[in-house]
$ cat work_1.cif   # mmCIF, C-alpha atoms and all ligand atoms
data_work
#
loop_
_atom_site.group_PDB
_atom_site.id
_atom_site.type_symbol
_atom_site.label_atom_id
_atom_site.label_comp_id
_atom_site.auth_asym_id
_atom_site.auth_seq_id
_atom_site.Cartn_x
_atom_site.Cartn_y
_atom_site.Cartn_z
ATOM 1 C CA MET A 1146 8.339 -8.972 41.128
ATOM 2 C CA LEU A 1147 11.017 -8.132 38.567
ATOM 3 C CA VAL A 1148 9.602 -6.842 35.252
ATOM 4 C CA THR A 1149 10.992 -5.140 32.152
ATOM 5 C CA LEU A 1150 10.689 -1.446 31.366
ATOM 6 C CA LYS A 1151 8.261 -2.264 28.556
ATOM 7 C CA GLU A 1152 6.055 -4.295 30.904
ATOM 8 C CA ILE A 1153 5.955 -1.654 33.631
ATOM 9 C CA LEU A 1154 5.206 1.132 31.151
ATOM 10 C CA ALA A 1155 2.332 -0.931 29.737
ATOM 11 C CA ILE A 1156 0.845 -0.972 33.264
ATOM 12 C CA ALA A 1157 1.259 2.817 33.432
ATOM 13 C CA GLU A 1158 -0.397 3.369 30.052
ATOM 14 C CA GLU A 1159 -3.301 1.090 30.916
ATOM 15 C CA ARG A 1160 -3.908 2.840 34.253
ATOM 16 C CA LYS A 1161 -3.180 6.321 32.830
ATOM 17 C CA ILE A 1162 -0.554 6.968 35.505
ATOM 18 C CA ALA A 1163 3.188 7.621 35.471
ATOM 19 C CA VAL A 1164 5.536 5.149 37.136
ATOM 20 C CA GLY A 1165 7.950 6.846 39.543
ATOM 21 C CA SER A 1166 11.538 6.148 38.524
ATOM 22 C CA PHE A 1167 14.026 6.813 41.291
ATOM 23 C CA ASN A 1168 17.834 6.668 41.472
ATOM 24 C CA THR A 1169 19.339 4.327 44.067
ATOM 25 C CA PRO A 1170 22.958 5.322 44.681
ATOM 26 C CA ASN A 1171 22.949 3.515 48.051
ATOM 27 C CA LEU A 1172 21.039 0.939 50.101
ATOM 28 C CA ALA A 1173 19.178 3.628 52.098
ATOM 29 C CA SER A 1174 17.554 5.156 48.998
ATOM 30 C CA LEU A 1175 16.732 1.729 47.597
ATOM 31 C CA ARG A 1176 14.969 0.675 50.804
ATOM 32 C CA ALA A 1177 13.111 3.995 51.036
ATOM 33 C CA ILE A 1178 11.774 3.607 47.473
ATOM 34 C CA ILE A 1179 10.677 -0.017 47.834
ATOM 35 C CA ALA A 1180 8.971 0.737 51.183
ATOM 36 C CA ALA A 1181 7.062 3.665 49.651
ATOM 37 C CA ALA A 1182 5.953 1.711 46.554
ATOM 38 C CA GLU A 1183 4.840 -1.293 48.597
ATOM 39 C CA ALA A 1184 2.938 0.862 51.110
ATOM 40 C CA LEU A 1185 0.940 2.320 48.204
ATOM 41 C CA ASN A 1186 0.874 -0.941 46.205
ATOM 42 C CA GLN A 1187 2.204 0.816 43.086
ATOM 43 C CA PRO A 1188 4.750 -0.267 40.440
ATOM 44 C CA VAL A 1189 8.144 1.399 40.674
ATOM 45 C CA ILE A 1190 11.419 1.723 38.749
ATOM 46 C CA LEU A 1191 14.797 1.545 40.508
ATOM 47 C CA MET A 1192 17.595 3.262 38.579
ATOM 48 C CA HIS A 1193 21.362 3.252 38.683
ATOM 49 C CA ALA A 1194 22.778 6.272 36.819
ATOM 50 C CA GLN A 1195 26.174 6.050 35.147
ATOM 51 C CA VAL A 1196 26.960 9.542 36.458
ATOM 52 C CA HIS A 1197 26.644 8.311 40.037
ATOM 53 C CA GLU A 1198 29.846 6.335 39.510
ATOM 54 C CA GLU A 1199 31.640 9.696 39.267
ATOM 55 C CA MET A 1200 30.059 10.821 42.545
ATOM 56 C CA GLY A 1201 31.914 7.905 44.165
ATOM 57 C CA LEU A 1202 28.771 6.480 45.782
ATOM 58 C CA CYS A 1203 28.692 2.969 44.341
ATOM 59 C CA THR A 1204 29.532 1.094 41.190
ATOM 60 C CA MET A 1205 26.987 -0.641 38.994
ATOM 61 C CA GLU A 1206 28.590 -3.994 39.860
ATOM 62 C CA GLU A 1207 28.092 -3.311 43.597
ATOM 63 C CA VAL A 1208 24.522 -2.069 43.471
ATOM 64 C CA ALA A 1209 22.906 -4.106 40.652
ATOM 65 C CA PRO A 1210 22.687 -7.413 42.605
ATOM 66 C CA ILE A 1211 21.027 -5.580 45.527
ATOM 67 C CA MET A 1212 18.579 -3.804 43.199
ATOM 68 C CA LEU A 1213 17.698 -7.084 41.482
ATOM 69 C CA ALA A 1214 17.241 -8.962 44.778
ATOM 70 C CA ALA A 1215 14.938 -6.212 46.095
ATOM 71 C CA ALA A 1216 12.914 -6.239 42.856
ATOM 72 C CA LYS A 1217 12.524 -10.031 42.820
ATOM 73 C CA LYS A 1218 11.227 -10.203 46.359
ATOM 74 C CA SER A 1219 8.994 -7.133 46.137
ATOM 75 C CA THR A 1220 5.203 -7.429 46.287
ATOM 76 C CA VAL A 1221 4.841 -4.836 43.479
ATOM 77 C CA PRO A 1222 6.142 -4.815 39.874
ATOM 78 C CA VAL A 1223 9.692 -3.396 39.860
ATOM 79 C CA CYS A 1224 11.917 -2.612 36.866
ATOM 80 C CA VAL A 1225 15.688 -2.398 37.414
ATOM 81 C CA HIS A 1226 16.854 0.263 35.006
ATOM 82 C CA LEU A 1227 20.179 1.704 33.910
ATOM 83 C CA ASP A 1228 19.811 5.498 33.755
ATOM 84 C CA HIS A 1229 21.757 7.638 31.236
ATOM 85 C CA GLY A 1230 24.256 5.098 29.938
ATOM 86 C CA THR A 1231 26.501 7.207 27.746
ATOM 87 C CA ASP A 1232 28.662 4.468 26.256
ATOM 88 C CA LEU A 1233 27.765 1.103 24.804
ATOM 89 C CA ASP A 1234 30.315 -0.830 26.883
ATOM 90 C CA TYR A 1235 28.635 0.404 30.040
ATOM 91 C CA ILE A 1236 25.211 -0.586 28.646
ATOM 92 C CA LYS A 1237 26.590 -4.042 27.770
ATOM 93 C CA ARG A 1238 27.894 -4.507 31.326
ATOM 94 C CA GLY A 1239 24.491 -3.472 32.668
ATOM 95 C CA LEU A 1240 22.689 -5.957 30.447
ATOM 96 C CA GLU A 1241 25.059 -8.729 31.563
ATOM 97 C CA LEU A 1242 24.295 -7.863 35.199
ATOM 98 C CA GLY A 1243 20.566 -8.310 34.527
ATOM 99 C CA PHE A 1244 19.110 -4.794 34.192
ATOM 100 C CA THR A 1245 15.625 -5.142 32.678
ATOM 101 C CA GLY A 1246 15.695 -1.642 31.186
ATOM 102 C CA VAL A 1247 18.553 0.515 29.914
ATOM 103 C CA MET A 1248 18.660 4.111 28.790
ATOM 104 C CA PHE A 1249 21.139 5.005 26.115
ATOM 105 C CA ASP A 1250 21.804 8.739 26.378
ATOM 106 C CA GLY A 1251 23.202 10.051 23.111
ATOM 107 C CA SER A 1252 22.004 13.594 23.732
ATOM 108 C CA ALA A 1253 25.548 14.965 23.646
ATOM 109 C CA LEU A 1254 26.221 13.310 20.262
ATOM 110 C CA SER A 1255 25.335 14.384 16.729
ATOM 111 C CA HIS A 1256 21.925 13.121 15.547
ATOM 112 C CA GLU A 1257 23.646 10.604 13.236
ATOM 113 C CA GLU A 1258 25.734 9.155 16.082
ATOM 114 C CA ASN A 1259 22.771 9.147 18.470
ATOM 115 C CA PHE A 1260 20.633 7.234 15.924
ATOM 116 C CA ALA A 1261 23.398 4.694 15.187
ATOM 117 C CA MET A 1262 24.389 4.037 18.811
ATOM 118 C CA THR A 1263 20.780 3.853 20.004
ATOM 119 C CA LYS A 1264 20.097 1.228 17.303
ATOM 120 C CA GLU A 1265 23.065 -0.758 18.584
ATOM 121 C CA ALA A 1266 21.784 -0.498 22.179
ATOM 122 C CA VAL A 1267 18.405 -1.858 20.988
ATOM 123 C CA ARG A 1268 20.160 -4.769 19.244
ATOM 124 C CA MET A 1269 22.194 -5.567 22.377
ATOM 125 C CA ALA A 1270 19.193 -5.345 24.724
ATOM 126 C CA ALA A 1271 17.156 -7.705 22.529
ATOM 127 C CA LEU A 1272 19.698 -10.436 23.363
ATOM 128 C CA THR A 1273 18.734 -10.325 27.075
ATOM 129 C CA GLY A 1274 15.079 -9.298 26.690
ATOM 130 C CA ALA A 1275 15.626 -5.890 28.300
ATOM 131 C CA SER A 1276 13.864 -2.774 27.016
ATOM 132 C CA VAL A 1277 15.491 0.444 25.819
ATOM 133 C CA GLU A 1278 14.788 4.089 26.552
ATOM 134 C CA ALA A 1279 16.615 6.787 24.585
ATOM 135 C CA GLU A 1280 16.610 10.524 24.283
ATOM 136 C CA ILE A 1281 16.433 13.054 21.494
ATOM 137 C CA GLY A 1282 16.885 16.644 22.667
ATOM 138 C CA SER A 1283 18.608 17.423 25.947
ATOM 139 C CA MET A 1284 17.752 18.110 29.596
ATOM 140 C CA GLY A 1285 20.617 20.599 29.853
ATOM 141 C CA ALA A 1286 22.423 19.268 32.955
ATOM 142 C CA ARG A 1287 23.330 15.856 34.309
ATOM 143 C CA GLU A 1288 21.827 14.388 37.482
ATOM 144 C CA GLY A 1289 23.239 15.520 40.778
ATOM 145 C CA GLY A 1290 24.248 18.900 39.376
ATOM 146 C CA ASN A 1291 22.366 22.162 39.404
ATOM 147 C CA ALA A 1292 20.002 22.869 36.571
ATOM 148 C CA LEU A 1293 21.281 25.294 34.002
ATOM 149 C CA ASP A 1294 19.702 28.713 33.804
ATOM 150 C CA MET A 1295 19.647 28.897 30.047
ATOM 151 C CA ASP A 1296 18.628 31.934 28.017
ATOM 152 C CA ASN A 1297 17.412 29.907 25.087
ATOM 153 C CA PRO A 1298 16.316 26.495 26.383
ATOM 154 C CA GLU A 1299 13.998 25.686 23.435
ATOM 155 C CA SER A 1300 17.057 25.167 21.247
ATOM 156 C CA ILE A 1301 17.697 21.835 22.971
ATOM 157 C CA TYR A 1302 14.069 20.707 23.366
ATOM 158 C CA THR A 1303 12.841 17.591 21.542
ATOM 159 C CA ASP A 1304 11.680 18.295 18.008
ATOM 160 C CA PRO A 1305 8.401 16.345 17.428
ATOM 161 C CA ASP A 1306 9.195 15.394 13.815
ATOM 162 C CA MET A 1307 12.712 14.279 14.738
ATOM 163 C CA ALA A 1308 11.191 12.241 17.601
ATOM 164 C CA VAL A 1309 8.966 10.323 15.153
ATOM 165 C CA LYS A 1310 11.961 9.510 12.950
ATOM 166 C CA PHE A 1311 14.095 8.538 15.961
ATOM 167 C CA VAL A 1312 11.506 6.105 17.362
ATOM 168 C CA ALA A 1313 10.768 4.541 13.969
ATOM 169 C CA GLU A 1314 14.412 4.073 12.963
ATOM 170 C CA THR A 1315 15.804 2.875 16.296
ATOM 171 C CA GLY A 1316 12.976 0.641 17.576
ATOM 172 C CA ILE A 1317 13.216 1.952 21.162
ATOM 173 C CA ASP A 1318 10.572 1.091 23.778
ATOM 174 C CA ALA A 1319 10.362 4.511 25.478
ATOM 175 C CA LEU A 1320 11.294 8.055 24.501
ATOM 176 C CA ALA A 1321 12.785 10.622 26.894
ATOM 177 C CA CYS A 1322 11.764 14.074 25.725
ATOM 178 C CA ALA A 1323 13.057 17.491 26.648
ATOM 179 C CA PHE A 1324 10.338 20.133 27.041
ATOM 180 C CA GLY A 1325 11.419 22.301 29.949
ATOM 181 C CA THR A 1326 12.424 20.098 32.877
ATOM 182 C CA VAL A 1327 16.074 19.883 33.884
ATOM 183 C CA HIS A 1328 18.113 17.671 36.179
ATOM 184 C CA GLY A 1329 19.106 19.026 39.587
ATOM 185 C CA MET A 1330 17.762 21.857 41.734
ATOM 186 C CA TYR A 1331 15.661 24.399 39.865
ATOM 187 C CA VAL A 1332 17.184 27.870 39.919
ATOM 188 C CA ARG A 1333 13.854 29.261 38.693
ATOM 189 C CA GLU A 1334 10.377 27.769 38.438
ATOM 190 C CA PRO A 1335 10.239 25.331 35.507
ATOM 191 C CA LYS A 1336 8.124 26.480 32.526
ATOM 192 C CA LEU A 1337 7.054 23.403 30.637
ATOM 193 C CA ASP A 1338 6.277 23.424 26.923
ATOM 194 C CA PHE A 1339 2.980 21.494 27.057
ATOM 195 C CA ASP A 1340 2.167 22.155 23.384
ATOM 196 C CA ARG A 1341 5.403 20.476 22.353
ATOM 197 C CA LEU A 1342 4.741 17.499 24.631
ATOM 198 C CA GLY A 1343 1.167 17.216 23.301
ATOM 199 C CA LYS A 1344 2.447 17.169 19.736
ATOM 200 C CA ILE A 1345 5.064 14.496 20.510
ATOM 201 C CA ASN A 1346 2.350 12.438 22.212
ATOM 202 C CA GLU A 1347 0.110 12.701 19.145
ATOM 203 C CA LEU A 1348 2.846 11.611 16.772
ATOM 204 C CA VAL A 1349 4.813 9.010 18.760
ATOM 205 C CA SER A 1350 3.359 5.659 19.795
ATOM 206 C CA VAL A 1351 5.889 4.548 22.470
ATOM 207 C CA PRO A 1352 5.535 5.680 26.133
ATOM 208 C CA LEU A 1353 7.112 9.060 26.955
ATOM 209 C CA VAL A 1354 9.542 9.764 29.780
ATOM 210 C CA MET A 1355 10.087 12.969 31.737
ATOM 211 C CA HIS A 1356 13.569 13.418 33.157
ATOM 212 C CA GLY A 1357 14.384 16.169 35.647
ATOM 213 C CA GLY A 1358 11.105 15.188 37.261
ATOM 214 C CA SER A 1359 11.603 16.418 40.810
ATOM 215 C CA GLY A 1360 10.713 19.953 41.838
ATOM 216 C CA VAL A 1361 7.705 20.193 39.492
ATOM 217 C CA SER A 1362 4.281 21.397 40.763
ATOM 218 C CA VAL A 1363 1.480 18.886 41.405
ATOM 219 C CA GLU A 1364 -0.605 20.612 38.728
ATOM 220 C CA ASP A 1365 2.183 20.217 36.163
ATOM 221 C CA TYR A 1366 2.710 16.534 37.063
ATOM 222 C CA ARG A 1367 -0.995 15.912 36.426
ATOM 223 C CA ARG A 1368 -0.881 17.785 33.142
ATOM 224 C CA VAL A 1369 2.189 15.969 31.756
ATOM 225 C CA ILE A 1370 0.673 12.603 32.705
ATOM 226 C CA SER A 1371 -2.495 13.559 30.797
ATOM 227 C CA LEU A 1372 -0.217 14.357 27.830
ATOM 228 C CA GLY A 1373 1.377 10.906 27.722
ATOM 229 C CA ILE A 1374 4.218 10.916 30.261
ATOM 230 C CA SER A 1375 4.340 7.342 31.646
ATOM 231 C CA LYS A 1376 7.673 7.441 33.508
ATOM 232 C CA ILE A 1377 8.903 10.265 35.720
ATOM 233 C CA ASN A 1378 12.580 10.300 36.685
ATOM 234 C CA TYR A 1379 13.010 11.686 40.178
ATOM 235 C CA TYR A 1380 16.057 11.940 42.403
ATOM 236 C CA THR A 1381 17.222 15.423 43.458
ATOM 237 C CA TYR A 1382 14.300 16.371 45.719
ATOM 238 C CA MET A 1383 14.224 12.903 47.306
ATOM 239 C CA SER A 1384 17.912 13.302 48.104
ATOM 240 C CA LYS A 1385 17.207 16.821 49.440
ATOM 241 C CA ALA A 1386 14.449 15.375 51.669
ATOM 242 C CA GLY A 1387 16.970 12.876 53.063
ATOM 243 C CA ALA A 1388 19.406 15.686 53.824
ATOM 244 C CA GLU A 1389 16.710 17.856 55.414
ATOM 245 C CA ALA A 1390 15.679 14.994 57.689
ATOM 246 C CA ILE A 1391 19.054 15.097 59.434
ATOM 247 C CA MET A 1392 19.941 18.792 59.121
ATOM 248 C CA GLY A 1393 20.302 20.647 62.397
ATOM 249 C CA LYS A 1394 19.962 17.467 64.464
ATOM 250 C CA THR A 1395 22.687 15.931 66.603
ATOM 251 C CA PHE A 1396 23.580 12.269 66.219
ATOM 252 C CA THR A 1397 26.206 10.183 67.960
ATOM 253 C CA GLN A 1398 25.779 7.057 65.816
ATOM 254 C CA TYR A 1399 26.131 6.898 62.032
ATOM 255 C CA HIS A 1400 23.361 4.292 61.697
ATOM 256 C CA ASP A 1401 20.879 6.734 63.270
ATOM 257 C CA ILE A 1402 21.755 9.268 60.575
ATOM 258 C CA VAL A 1403 21.082 6.659 57.891
ATOM 259 C CA LYS A 1404 17.758 5.691 59.497
ATOM 260 C CA ALA A 1405 16.546 9.297 59.760
ATOM 261 C CA ALA A 1406 17.605 10.125 56.191
ATOM 262 C CA THR A 1407 15.951 6.950 54.876
ATOM 263 C CA GLU A 1408 12.689 7.924 56.553
ATOM 264 C CA GLY A 1409 12.906 11.437 55.069
ATOM 265 C CA MET A 1410 13.397 9.965 51.596
ATOM 266 C CA ARG A 1411 10.625 7.410 52.086
ATOM 267 C CA ILE A 1412 8.093 10.123 52.921
ATOM 268 C CA ASP A 1413 9.142 12.207 49.913
ATOM 269 C CA VAL A 1414 9.003 9.231 47.526
ATOM 270 C CA GLU A 1415 5.614 8.188 48.887
ATOM 271 C CA ASN A 1416 4.245 11.693 48.235
ATOM 272 C CA ALA A 1417 5.656 11.628 44.705
ATOM 273 C CA ILE A 1418 4.199 8.186 43.911
ATOM 274 C CA ARG A 1419 0.812 9.312 45.240
ATOM 275 C CA VAL A 1420 0.748 12.200 42.765
ATOM 276 C CA PHE A 1421 2.124 10.151 39.849
ATOM 277 C CA SER A 1422 -0.521 7.441 40.491
ATOM 278 C CA GLY A 1423 -3.418 9.882 40.889
ATOM 279 C CA LEU A 1424 -4.059 8.750 44.492
HETATM 280 P P1 LIG B 1501 15.854 15.270 39.091
HETATM 281 O O1 LIG B 1501 17.242 15.798 39.167
HETATM 282 O O2 LIG B 1501 14.841 16.337 38.750
HETATM 283 O O3 LIG B 1501 15.440 14.551 40.323
HETATM 284 O O4 LIG B 1501 15.786 14.231 37.886
HETATM 285 C C1 LIG B 1501 16.425 12.973 37.989
HETATM 286 C C2 LIG B 1501 16.542 12.343 36.658
HETATM 287 O O5 LIG B 1501 15.986 12.780 35.681
HETATM 288 C C3 LIG B 1501 17.388 11.134 36.551
HETATM 289 O O6 LIG B 1501 17.510 10.686 35.250
#

$ encode --input "work_1.cif" --output "structure tokens" --more "lines below"
Ligand code: 13P
Amino acid sequence: MLVTLKEILAIAEERKIAVGSFNTPNLASLRAIIAAAEALNQPVILMHAQVHEEMGLCTMEEVAPIMLAAAKKSTVPVCVHLDHGTDLDYIKRGLELGFTGVMFDGSALSHEENFAMTKEAVRMAALTGASVEAEIGSMGAREGGNALDMDNPESIYTDPDMAVKFVAETGIDALACAFGTVHGMYVREPKLDFDRLGKINELVSVPLVMHGGSGVSVEDYRRVISLGISKINYYTYMSKAGAEAIMGKTFTQYHDIVKAATEGMRIDVENAIRVFSGL
């Protein structure tokens, strides 16, 4: 069943869980995610990231109809979400295609520009009924890359007071906050700033989102969920699981590679959803 980001995050808040939010740069990952969510009877978010266009895997126009068809026929609530849209034209195209959630990522902009463009994204999304996620602070590296090994990461973490202002002025439905996770493979164990997250959770009323959500310990997942994280973005370690499922094996047919990788991703996603749902 296709639902909006706001609707699926309301389910998460009510059940005190986080909804797993997975990138789908191809049909194999999409099928793996839906199979895992349905096996566990849990809501799930399918995401197309703008940055995946640069990886040459698929365009939004190619993948959106498949994501939407899978969501509509699924037995569980599914949101079809645009991940890290960095320009408003791209967001507009996504809304026209039928995405039920969009993330405007203005983290590389000045605060003034981020506020103004996020407001515009909220105005545009209201026309189609989609919900908006936006970010203040930065995760340090884009998806698909390797996480940065920064000397002074706190400098780009979300400031709780700025977060309050951002949510109030823009009218967003969900806030992505930076508190120690990063996109891509971790080059050292992530150290999460739980005090900062707790403070943001106390001050901000909309659901909170953790990006860079793969590669985190089970204990830390549980702790961030208890501190208000309702959506966990997860891709790198699912993709790694797909690669590991075929590594070192010999195949003569391409479709057997796809099947084995899909199964590897399905198992990884199922494990993640189990933890995020407290199962
Ligand atoms: P990972 O790179 O940790 O899987 O995070 C993905 C993500 O945050 C997509 O927005």

$ residues_near_ligand --input "work_1.cif" --ligand "ligand LIG 1501 (chain B)" --cutoff "7 Å" --atoms "all atoms listed in the file" --output "ChimeraX atom specification"
/A:1168,1228-1229,1288-1289,1327-1330,1356-1360,1378-1382

$ resolve_selection --input "work_1.cif" --expression "the PyMOL selection byres (((chain A and resi 1418) around 8) and not hetatm)" --output "number ranges by chain"
A: 1164-1165, 1181-1182, 1185, 1187, 1414-1417, 1419-1422

$ write_last_selection --input "work_1.cif" --atoms "C-alpha atoms" --output "compact mmCIF listing (two decimals), keeping the file's coordinate frame"
# COMPACT_ATOMS: atom_id res chain seq x y z
CA VAL A 1164 5.54 5.15 37.14
CA GLY A 1165 7.95 6.85 39.54
CA ALA A 1181 7.06 3.66 49.65
CA ALA A 1182 5.95 1.71 46.55
CA LEU A 1185 0.94 2.32 48.20
CA GLN A 1187 2.20 0.82 43.09
CA VAL A 1414 9.00 9.23 47.53
CA GLU A 1415 5.61 8.19 48.89
CA ASN A 1416 4.24 11.69 48.24
CA ALA A 1417 5.66 11.63 44.70
CA ARG A 1419 0.81 9.31 45.24
CA VAL A 1420 0.75 12.20 42.76
CA PHE A 1421 2.12 10.15 39.85
CA SER A 1422 -0.52 7.44 40.49

$ resolve_selection --input "work_1.cif" --expression "the PyMOL selection byres (((chain A and resi 1392-1409) around 10) and not hetatm)" --output "PDB file with C-alpha atoms, in the frame of the given file"
ATOM      1  CA  LEU A1172      21.039   0.939  50.101  1.00  0.00           C
ATOM      2  CA  ALA A1173      19.178   3.628  52.098  1.00  0.00           C
ATOM      3  CA  SER A1174      17.554   5.156  48.998  1.00  0.00           C
ATOM      4  CA  LEU A1175      16.732   1.729  47.597  1.00  0.00           C
ATOM      5  CA  ARG A1176      14.969   0.675  50.804  1.00  0.00           C
ATOM      6  CA  ALA A1177      13.111   3.995  51.036  1.00  0.00           C
ATOM      7  CA  ILE A1178      11.774   3.607  47.473  1.00  0.00           C
ATOM      8  CA  ALA A1180       8.971   0.737  51.183  1.00  0.00           C
ATOM      9  CA  ALA A1181       7.062   3.665  49.651  1.00  0.00           C
ATOM     10  CA  MET A1383      14.224  12.903  47.306  1.00  0.00           C
ATOM     11  CA  SER A1384      17.912  13.302  48.104  1.00  0.00           C
ATOM     12  CA  LYS A1385      17.207  16.821  49.440  1.00  0.00           C
ATOM     13  CA  ALA A1386      14.449  15.375  51.669  1.00  0.00           C
ATOM     14  CA  GLY A1387      16.970  12.876  53.063  1.00  0.00           C
ATOM     15  CA  ALA A1388      19.406  15.686  53.824  1.00  0.00           C
ATOM     16  CA  GLU A1389      16.710  17.856  55.414  1.00  0.00           C
ATOM     17  CA  ALA A1390      15.679  14.994  57.689  1.00  0.00           C
ATOM     18  CA  ILE A1391      19.054  15.097  59.434  1.00  0.00           C
ATOM     19  CA  MET A1410      13.397   9.965  51.596  1.00  0.00           C
ATOM     20  CA  ARG A1411      10.625   7.410  52.086  1.00  0.00           C
ATOM     21  CA  ILE A1412       8.093  10.123  52.921  1.00  0.00           C
ATOM     22  CA  ASP A1413       9.142  12.207  49.913  1.00  0.00           C
ATOM     23  CA  VAL A1414       9.003   9.231  47.526  1.00  0.00           C
TER      24      VAL A1414
END

$ atom_distance --input "work_1.cif" --atom1 "CA of Ala1319 (chain A)" --atom2 "CA of Cys1203 (chain A)"
26.3 Å

$ resolve_selection --input "work_1.cif" --expression "the PyMOL selection byres (((chain A and resi 1190) around 8) and not hetatm)" --output "count of residues only"
12

$ residues_around --input "work_1.cif" --residues "region 1235-1252 of chain A" --least-positions-apart "5" --cutoff "6 Å" --atoms "all atoms listed in the file" --output "PDB file with C-alpha atoms, in the coordinates of the input"
ATOM      1  CA  THR A1149      10.992  -5.140  32.152  1.00  0.00           C
ATOM      2  CA  LEU A1150      10.689  -1.446  31.366  1.00  0.00           C
ATOM      3  CA  VAL A1225      15.688  -2.398  37.414  1.00  0.00           C
ATOM      4  CA  HIS A1226      16.854   0.263  35.006  1.00  0.00           C
ATOM      5  CA  LEU A1227      20.179   1.704  33.910  1.00  0.00           C
ATOM      6  CA  ASP A1228      19.811   5.498  33.755  1.00  0.00           C
ATOM      7  CA  HIS A1229      21.757   7.638  31.236  1.00  0.00           C
ATOM      8  CA  GLY A1230      24.256   5.098  29.938  1.00  0.00           C
ATOM      9  CA  ASN A1259      22.771   9.147  18.470  1.00  0.00           C
ATOM     10  CA  ALA A1275      15.626  -5.890  28.300  1.00  0.00           C
ATOM     11  CA  SER A1276      13.864  -2.774  27.016  1.00  0.00           C
ATOM     12  CA  VAL A1277      15.491   0.444  25.819  1.00  0.00           C
ATOM     13  CA  GLU A1278      14.788   4.089  26.552  1.00  0.00           C
ATOM     14  CA  ALA A1279      16.615   6.787  24.585  1.00  0.00           C
ATOM     15  CA  GLU A1280      16.610  10.524  24.283  1.00  0.00           C
ATOM     16  CA  SER A1283      18.608  17.423  25.947  1.00  0.00           C
TER      17      SER A1283
END

$ closest_residue --input "work_1.cif" --among "A:Lys1217, A:Arg1268, A:Lys1344, A:Lys1336" --to "Ile1317 (chain A)" --atoms "all atoms listed in the file"
A:Arg1268

$ axis_aligned_box --input "work_1.cif" --around "region 1180-1184 of chain A" --padding-each-side "5 Å" --output "JSON"
{"center_x": 6.0, "center_y": 1.2, "center_z": 48.9, "size_x": 16.0, "size_y": 15.0, "size_z": 14.6}

$ atom_distance --input "work_1.cif" --atom1 "CA of Thr1220 (chain A)" --atom2 "CA of Gly1274 (chain A)"
22.0 Å

$ closest_residue --input "work_1.cif" --among "A:Ala1216, A:Ala1266, A:Ala1209, A:Val1369" --to "Thr1315 (chain A)" --atoms "only C-alpha atoms"
A:Ala1266

$ atom_distance --input "work_1.cif" --atom1 "CA of Ala1253 (chain A)" --atom2 "CA of Leu1337 (chain A)"
21.5 Å

$ residues_near_point --input "work_1.cif" --point "(9.7, 10.2, 32.1)" --cutoff "6 Å" --atoms "all atoms listed in the file" --output "PDB file with C-alpha atoms, in the coordinates of the input"
ATOM      1  CA  LEU A1353       7.112   9.060  26.955  1.00  0.00           C
ATOM      2  CA  VAL A1354       9.542   9.764  29.780  1.00  0.00           C
ATOM      3  CA  MET A1355      10.087  12.969  31.737  1.00  0.00           C
ATOM      4  CA  HIS A1356      13.569  13.418  33.157  1.00  0.00           C
ATOM      5  CA  ILE A1374       4.218  10.916  30.261  1.00  0.00           C
ATOM      6  CA  LYS A1376       7.673   7.441  33.508  1.00  0.00           C
ATOM      7  CA  ILE A1377       8.903  10.265  35.720  1.00  0.00           C
ATOM      8  CA  ASN A1378      12.580  10.300  36.685  1.00  0.00           C
TER       9      ASN A1378
END

$ closest_residue --input "work_1.cif" --among "A:Gly1343, A:Pro1335, A:Gly1373, A:Gly1316" --to "Asp1304 (chain A)" --atoms "all atoms listed in the file"
A:Gly1343

$ residues_near_point --input "work_1.cif" --point "(4.1, 12.4, 15.6)" --cutoff "12 Å" --atoms "all atoms listed in the file" --output "ChimeraX atom specification"
/A:1303-1313,1341-1351

$ closest_residue --input "work_1.cif" --among "A:Arg1160, A:Lys1151, A:His1256, A:Lys1218" --to "Ile1370 (chain A)" --atoms "only C-alpha atoms"
A:Arg1160

$ closest_residue --input "work_1.cif" --among "A:Glu1183, A:Pro1170, A:Ala1215, A:Glu1158" --to "Gly1201 (chain A)" --atoms "only C-alpha atoms"
A:Pro1170

$ closest_residue --input "work_1.cif" --among "A:Ile1281, A:Ile1301, A:Leu1147, A:Leu1272" --to "Ala1321 (chain A)" --atoms "only C-alpha atoms"
A:Ile1281
